[in-house]
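Below is model.pdb, which holds PDB, C-alpha atoms.
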ATOM      1  CA  MET A  25     -13.161  -2.290  10.348  1.00  0.00           C
ATOM      2  CA  GLY A  26      -9.716  -3.459  11.333  1.00  0.00           C
ATOM      3  CA  CYS A  27      -7.020  -5.197   9.384  1.00  0.00           C
ATOM      4  CA  ALA A  28      -6.504  -8.728  10.649  1.00  0.00           C
ATOM      5  CA  PHE A  29      -3.181 -10.488  10.449  1.00  0.00           C
ATOM      6  CA  GLU A  30      -3.398 -14.079   9.214  1.00  0.00           C
ATOM      7  CA  GLY A  31      -1.043 -17.021   8.844  1.00  0.00           C
ATOM      8  CA  ASN A  32       2.549 -15.839   8.675  1.00  0.00           C
ATOM      9  CA  ASP A  33       1.645 -12.143   8.789  1.00  0.00           C
ATOM     10  CA  GLU A  34       2.925 -11.715  12.370  1.00  0.00           C
ATOM     11  CA  MET A  35       6.289 -13.125  11.286  1.00  0.00           C
ATOM     12  CA  ARG A  36       6.267 -10.883   8.196  1.00  0.00           C
ATOM     13  CA  LEU A  37       5.616  -7.918  10.491  1.00  0.00           C
ATOM     14  CA  ARG A  38       8.646  -8.926  12.587  1.00  0.00           C
ATOM     15  CA  VAL A  39      10.700  -8.922   9.385  1.00  0.00           C
ATOM     16  CA  LEU A  40       9.418  -5.458   8.459  1.00  0.00           C
ATOM     17  CA  ARG A  41      10.317  -4.167  11.914  1.00  0.00           C
ATOM     18  CA  ALA A  42      13.817  -5.626  11.572  1.00  0.00           C
ATOM     19  CA  ILE A  43      14.643  -3.104   8.841  1.00  0.00           C
ATOM     20  CA  ARG A  44      16.490  -0.470  10.843  1.00  0.00           C
ATOM     21  CA  LYS A  45      18.340   1.292   8.018  1.00  0.00           C
ATOM     22  CA  PRO A  46      17.688   1.787   4.296  1.00  0.00           C
ATOM     23  CA  ILE A  47      16.897  -1.571   2.706  1.00  0.00           C
ATOM     24  CA  GLU A  48      19.597  -1.126   0.072  1.00  0.00           C
ATOM     25  CA  GLU A  49      22.149  -1.165   2.918  1.00  0.00           C
ATOM     26  CA  MET A  50      20.884  -4.422   4.466  1.00  0.00           C
ATOM     27  CA  THR A  51      21.318  -7.999   3.305  1.00  0.00           C
ATOM     28  CA  VAL A  52      18.698 -10.717   3.647  1.00  0.00           C
ATOM     29  CA  SER A  53      20.990 -12.369   6.217  1.00  0.00           C
ATOM     30  CA  GLN A  54      21.060  -9.184   8.322  1.00  0.00           C
ATOM     31  CA  ILE A  55      17.295  -8.714   8.100  1.00  0.00           C
ATOM     32  CA  SER A  56      16.693 -12.378   8.979  1.00  0.00           C
ATOM     33  CA  ALA A  57      19.037 -12.220  11.958  1.00  0.00           C
ATOM     34  CA  GLU A  58      17.357  -9.036  13.241  1.00  0.00           C
ATOM     35  CA  ALA A  59      13.941 -10.714  12.861  1.00  0.00           C
ATOM     36  CA  GLY A  60      15.106 -13.903  14.581  1.00  0.00           C
ATOM     37  CA  ILE A  61      14.436 -16.174  11.604  1.00  0.00           C
ATOM     38  CA  THR A  62      16.559 -18.163   9.180  1.00  0.00           C
ATOM     39  CA  ARG A  63      17.316 -17.054   5.620  1.00  0.00           C
ATOM     40  CA  GLN A  64      15.267 -20.018   4.410  1.00  0.00           C
ATOM     41  CA  LYS A  65      12.273 -18.847   6.458  1.00  0.00           C
ATOM     42  CA  PHE A  66      12.750 -15.352   5.028  1.00  0.00           C
ATOM     43  CA  TYR A  67      12.501 -16.786   1.505  1.00  0.00           C
ATOM     44  CA  ASP A  68       9.420 -18.769   2.541  1.00  0.00           C
ATOM     45  CA  LEU A  69       7.823 -15.411   3.425  1.00  0.00           C
ATOM     46  CA  PHE A  70       9.196 -13.153   0.662  1.00  0.00           C
ATOM     47  CA  ALA A  71      10.711 -13.636  -2.788  1.00  0.00           C
ATOM     48  CA  ALA A  72      13.125 -10.737  -2.204  1.00  0.00           C
ATOM     49  CA  LYS A  73      13.891  -8.116   0.420  1.00  0.00           C
ATOM     50  CA  TYR A  74      12.160  -5.462  -1.674  1.00  0.00           C
ATOM     51  CA  ASP A  75       8.863  -7.328  -1.323  1.00  0.00           C
ATOM     52  CA  ILE A  76       8.626  -6.563   2.405  1.00  0.00           C
ATOM     53  CA  ALA A  77       7.264  -3.018   2.096  1.00  0.00           C
ATOM     54  CA  TYR A  78       4.953  -4.057  -0.730  1.00  0.00           C
ATOM     55  CA  TRP A  79       3.493  -6.850   1.402  1.00  0.00           C
ATOM     56  CA  TYR A  80       2.544  -4.339   4.085  1.00  0.00           C
ATOM     57  CA  LEU A  81       1.252  -1.830   1.558  1.00  0.00           C
ATOM     58  CA  SER A  82      -0.823  -4.535  -0.163  1.00  0.00           C
ATOM     59  CA  LEU A  83      -2.296  -5.577   3.173  1.00  0.00           C
ATOM     60  CA  ALA A  84      -3.306  -1.967   3.862  1.00  0.00           C
ATOM     61  CA  GLU A  85      -4.789  -1.629   0.374  1.00  0.00           C
ATOM     62  CA  THR A  86      -6.804  -4.834   0.751  1.00  0.00           C
ATOM     63  CA  CYS A  87      -8.143  -3.838   4.162  1.00  0.00           C
ATOM     64  CA  TYR A  88      -8.927  -0.200   3.450  1.00  0.00           C
ATOM     65  CA  ILE A  89      -8.475   1.078  -0.117  1.00  0.00           C
ATOM     66  CA  TYR A  90     -10.354  -1.790  -1.758  1.00  0.00           C
ATOM     67  CA  GLU A  91     -13.186  -1.320   0.744  1.00  0.00           C
ATOM     68  CA  ILE A  92     -13.801   2.284  -0.349  1.00  0.00           C
ATOM     69  CA  GLY A  93     -17.199   2.328  -1.952  1.00  0.00           C
ATOM     70  CA  ARG A  94     -17.951  -1.136  -0.579  1.00  0.00           C
ATOM     71  CA  SER A  95     -17.969  -0.941   3.209  1.00  0.00           C
ATOM     72  CA  LEU A  96     -16.015   2.301   3.774  1.00  0.00           C
ATOM     73  CA  SER A  97     -16.468   5.884   2.693  1.00  0.00           C
ATOM     74  CA  LEU A  98     -13.648   7.628   0.847  1.00  0.00           C
ATOM     75  CA  GLU A  99     -12.690   9.590   3.960  1.00  0.00           C
ATOM     76  CA  ASP A 100     -12.807   6.603   6.329  1.00  0.00           C
ATOM     77  CA  GLY A 101     -10.937   4.335   3.920  1.00  0.00           C
ATOM     78  CA  LEU A 102      -8.112   6.819   3.363  1.00  0.00           C
ATOM     79  CA  ALA A 103      -7.884   7.732   7.049  1.00  0.00           C
ATOM     80  CA  SER A 104      -7.646   4.054   8.052  1.00  0.00           C
ATOM     81  CA  PHE A 105      -5.150   3.314   5.269  1.00  0.00           C
ATOM     82  CA  PHE A 106      -2.779   6.099   6.307  1.00  0.00           C
ATOM     83  CA  ALA A 107      -3.156   5.277  10.018  1.00  0.00           C
ATOM     84  CA  PHE A 108      -2.244   1.651   9.281  1.00  0.00           C
ATOM     85  CA  LEU A 109       0.884   2.744   7.394  1.00  0.00           C
ATOM     86  CA  GLU A 110       1.764   5.312  10.045  1.00  0.00           C
ATOM     87  CA  ALA A 111       1.810   2.567  12.693  1.00  0.00           C
ATOM     88  CA  GLU A 112       4.973   1.192  11.065  1.00  0.00           C
ATOM     89  CA  ARG A 113       6.488   4.560  10.158  1.00  0.00           C
ATOM     90  CA  PRO A 114      10.172   3.905  11.026  1.00  0.00           C
ATOM     91  CA  SER A 115      10.294   0.500   9.351  1.00  0.00           C
ATOM     92  CA  LEU A 116       8.439   1.574   6.213  1.00  0.00           C
ATOM     93  CA  SER A 117      10.705   4.570   5.853  1.00  0.00           C
ATOM     94  CA  ASN A 118      13.626   2.177   5.491  1.00  0.00           C
ATOM     95  CA  ALA A 119      11.846  -0.687   3.712  1.00  0.00           C
ATOM     96  CA  PHE A 120      10.818   1.109   0.522  1.00  0.00           C
ATOM     97  CA  GLU A 121      13.418   0.880  -2.194  1.00  0.00           C
ATOM     98  CA  ARG A 122      14.374   4.193  -3.671  1.00  0.00           C
ATOM     99  CA  ASN A 123      14.253   3.113  -7.341  1.00  0.00           C
ATOM    100  CA  PRO A 124      11.623   0.379  -7.778  1.00  0.00           C
ATOM    101  CA  ASP A 125      11.437  -1.707 -10.946  1.00  0.00           C
ATOM    102  CA  LYS A 126       8.823  -0.033 -13.130  1.00  0.00           C
ATOM    103  CA  ARG A 127       7.478  -3.376 -14.429  1.00  0.00           C
ATOM    104  CA  GLU A 128       6.688  -4.656 -10.925  1.00  0.00           C
ATOM    105  CA  LEU A 129       5.235  -1.307  -9.936  1.00  0.00           C
ATOM    106  CA  ARG A 130       2.942  -1.289 -12.983  1.00  0.00           C
ATOM    107  CA  ALA A 131       1.516  -4.693 -11.986  1.00  0.00           C
ATOM    108  CA  ARG A 132       0.805  -3.459  -8.443  1.00  0.00           C
ATOM    109  CA  LEU A 133      -0.959  -0.358  -9.723  1.00  0.00           C
ATOM    110  CA  ALA A 134      -3.002  -2.400 -12.211  1.00  0.00           C
ATOM    111  CA  ARG A 135      -4.390  -4.501  -9.347  1.00  0.00           C
ATOM    112  CA  THR A 136      -5.533  -1.384  -7.495  1.00  0.00           C
ATOM    113  CA  GLU A 137      -7.078   0.047 -10.658  1.00  0.00           C
ATOM    114  CA  ASN A 138      -8.932  -3.223 -11.291  1.00  0.00           C
ATOM    115  CA  GLU A 139     -10.274  -3.345  -7.730  1.00  0.00           C
ATOM    116  CA  LEU A 140     -11.601   0.203  -7.966  1.00  0.00           C
ATOM    117  CA  LEU A 141     -13.157  -0.449 -11.377  1.00  0.00           C
ATOM    118  CA  TRP A 142     -14.773  -3.627 -10.031  1.00  0.00           C
ATOM    119  CA  THR A 143     -16.305  -1.630  -7.170  1.00  0.00           C
ATOM    120  CA  ILE A 144     -17.720   0.904  -9.622  1.00  0.00           C
ATOM    121  CA  GLN A 145     -19.085  -1.778 -11.948  1.00  0.00           C
ATOM    122  CA  SER A 146     -20.624  -3.675  -9.025  1.00  0.00           C
ATOM    123  CA  LYS A 147     -22.835  -0.623  -8.499  1.00  0.00           C
ATOM    124  CA  SER A 148     -24.151  -1.040 -12.067  1.00  0.00           C
ATOM    125  CA  ILE A 149     -22.246   2.041 -13.202  1.00  0.00           C
ATOM    126  CA  SER A 150     -20.962   1.997 -16.749  1.00  0.00           C
ATOM    127  CA  VAL A 151     -17.201   2.390 -17.033  1.00  0.00           C
ATOM    128  CA  ASP A 152     -16.134   4.388 -20.079  1.00  0.00           C
ATOM    129  CA  GLU A 153     -12.618   5.279 -21.220  1.00  0.00           C
ATOM    130  CA  ASP A 154     -12.726   8.636 -19.399  1.00  0.00           C
ATOM    131  CA  LEU A 155     -13.553   6.938 -16.095  1.00  0.00           C
ATOM    132  CA  LYS A 156     -10.785   4.354 -16.659  1.00  0.00           C
ATOM    133  CA  PHE A 157      -8.354   7.222 -17.251  1.00  0.00           C
ATOM    134  CA  CYS A 158      -9.572   8.959 -14.097  1.00  0.00           C
ATOM    135  CA  VAL A 159      -9.024   5.786 -12.036  1.00  0.00           C
ATOM    136  CA  ALA A 160      -5.566   5.166 -13.545  1.00  0.00           C
ATOM    137  CA  TYR A 161      -4.498   8.783 -12.964  1.00  0.00           C
ATOM    138  CA  THR A 162      -5.747   8.728  -9.378  1.00  0.00           C
ATOM    139  CA  VAL A 163      -4.060   5.423  -8.543  1.00  0.00           C
ATOM    140  CA  GLU A 164      -0.736   6.504 -10.087  1.00  0.00           C
ATOM    141  CA  SER A 165      -0.793   9.883  -8.334  1.00  0.00           C
ATOM    142  CA  ALA A 166      -1.798   8.386  -4.993  1.00  0.00           C
ATOM    143  CA  ASN A 167       0.965   5.786  -5.275  1.00  0.00           C
ATOM    144  CA  CYS A 168       3.591   8.513  -5.753  1.00  0.00           C
ATOM    145  CA  LEU A 169       2.210  10.395  -2.777  1.00  0.00           C
ATOM    146  CA  VAL A 170       2.134   7.325  -0.499  1.00  0.00           C
ATOM    147  CA  ALA A 171       5.621   6.137  -1.494  1.00  0.00           C
ATOM    148  CA  GLY A 172       7.085   9.597  -0.961  1.00  0.00           C
ATOM    149  CA  TRP A 173       5.346   9.917   2.396  1.00  0.00           C
ATOM    150  CA  CYS A 174       6.725   6.555   3.555  1.00  0.00           C
ATOM    151  CA  ILE A 175      10.235   7.100   2.214  1.00  0.00           C
ATOM    152  CA  HIS A 176      10.479  10.483   3.926  1.00  0.00           C
ATOM    153  CA  GLY A 177       9.494   9.085   7.305  1.00  0.00           C
ATOM    154  CA  ALA A 178       5.786   9.922   7.236  1.00  0.00           C
ATOM    155  CA  GLU A 179       6.467  13.424   8.484  1.00  0.00           C
ATOM    156  CA  GLU A 180       2.858  14.558   8.113  1.00  0.00           C
ATOM    157  CA  SER A 181       0.263  12.784  10.237  1.00  0.00           C
ATOM    158  CA  ALA A 182      -1.954  10.091   8.762  1.00  0.00           C
ATOM    159  CA  ALA A 183      -4.990  12.347   9.236  1.00  0.00           C
ATOM    160  CA  VAL A 184      -3.373  15.189   7.291  1.00  0.00           C
ATOM    161  CA  MET A 185      -2.350  12.874   4.447  1.00  0.00           C
ATOM    162  CA  ALA A 186      -5.812  11.300   4.233  1.00  0.00           C
ATOM    163  CA  ARG A 187      -7.430  14.743   4.155  1.00  0.00           C
ATOM    164  CA  ARG A 188      -5.068  15.996   1.481  1.00  0.00           C
ATOM    165  CA  LEU A 189      -5.479  12.952  -0.722  1.00  0.00           C
ATOM    166  CA  THR A 190      -9.261  13.129  -0.331  1.00  0.00           C
ATOM    167  CA  MET A 191      -9.120  16.725  -1.609  1.00  0.00           C
ATOM    168  CA  CYS A 192      -7.229  15.559  -4.707  1.00  0.00           C
ATOM    169  CA  ILE A 193      -9.563  12.730  -5.723  1.00  0.00           C
ATOM    170  CA  PRO A 194     -11.463  13.795  -8.856  1.00  0.00           C
ATOM    171  CA  GLN A 195     -15.077  14.608  -7.996  1.00  0.00           C
ATOM    172  CA  ARG A 196     -16.337  11.991 -10.437  1.00  0.00           C
ATOM    173  CA  LEU A 197     -14.580   9.271  -8.422  1.00  0.00           C
ATOM    174  CA  ALA A 198     -15.420  10.784  -5.056  1.00  0.00           C
ATOM    175  CA  ASP A 199     -19.106  10.681  -5.971  1.00  0.00           C
ATOM    176  CA  LEU A 200     -18.829   6.957  -6.672  1.00  0.00           C
ATOM    177  CA  ALA A 201     -17.065   6.194  -3.396  1.00  0.00           C
ATOM    178  CA  ALA A 202     -20.108   6.030  -1.124  1.00  0.00           C
ATOM    179  CA  PRO A 203     -20.265   2.603   0.539  1.00  0.00           C
ATOM    180  CA  GLU A 204     -22.969   0.151  -0.430  1.00  0.00           C
ATOM    181  CA  SER A 205     -26.052   0.282   1.771  1.00  0.00           C
TER     182      SER A 205
END

Show how you would write the structure in this file as structure tokens.
Amino acid sequence: MGCAFEGNDEMRLRVLRAIRKPIEEMTVSQISAEAGITRQKFYDLFAAKYDIAYWYLSLAETCYIYEIGRSLSLEDGLASFFAFLEAERPSLSNAFERNPDKRELRARLARTENELLWTIQSKSISVDEDLKFCVAYTVESANCLVAGWCIHGAEESAAVMARRLTMCIPQRLADLAAPES
């Protein structure tokens, strides 16, 4: 399964690739000029410059993470997710803000938690408080790992990161991650 770009995604990708130094050091005008678009077009695509990395990360999550247990195995989903991020390694390294707003981050993590819980429930598996905790812990930990990997230039290969994260997924969740038949 690949991740298809739709609508303005190609232009958003151009914007991501225009980030050639840490995002805190670039203005929207500089990013827009590098991407060959106007400031107005930038704001049609993103609410703020800090949304650029999150757009790409959300696209990767939708294509690969949310498909774990649906159409992808845990290993295949994580491998594809990290490979997708690795493809934009230099830009992502610069695009992630160093001190994200905790409120916005919490909302992003809640969406991932809800998607994973929906996948589990769609298999007629009862979700108790322990399983919710397990999902929340895994999502929070994985987010820290992914953000650190991107910020530090994705020094380890995508395959190594996928393998390492797979090893850290609690067995209870890993057992539930088999794709639907």

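When atom CA of A:Asn167 is paired with atom CA of A:Ser53, their separation reads 29.4 Å.
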
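Taking atom CA of A:Ile149 and atom CA of A:Ala202 as endpoints, the distance between them is 12.9 Å.
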
Write out, as a tab-separated table, each residue of stretch 106-203 of chain A that has an atom at most 8 Å from stretch 73-76 of chain A, together with the closest pair of atoms and their distance in Å to one decimal, counting only C-alpha atoms, rows going by chain and rising number.
residue	atom	partner	partner_atom	distance
A:Ala119	CA	A:Ile76	CA	6.8
A:Phe120	CA	A:Tyr74	CA	7.1
A:Glu121	CA	A:Tyr74	CA	6.5

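Restricting the calculation to all atoms listed in the file, the smallest distance between A:Val151 and any of A:Tyr78, A:Arg196, A:Leu98, A:Ala28 is found for A:Arg196.
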
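Matched in the shown structure by the PyMOL selection byres ((chain A and resi 156-161) around 10): Leu133, Ala134, Thr136, Glu137, Asn138, Leu140, Leu141, Val151, Asp152, Glu153, Asp154, Leu155, Thr162, Val163, Glu164, Ser165, Ala166, Asn167, Ile193, Pro194, Gln195, Arg196 and Leu197 of chain A.
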
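Atom pair atom CA of A:Thr143 / atom CA of A:Gly93: separated by 6.6 Å.
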
Can you turn the PyMOL selection byres ((chain A and resi 183) around 8) into a concrete residue list for this file, as a ChimeraX atom specification? /A:103,106-107,181-182,184-187
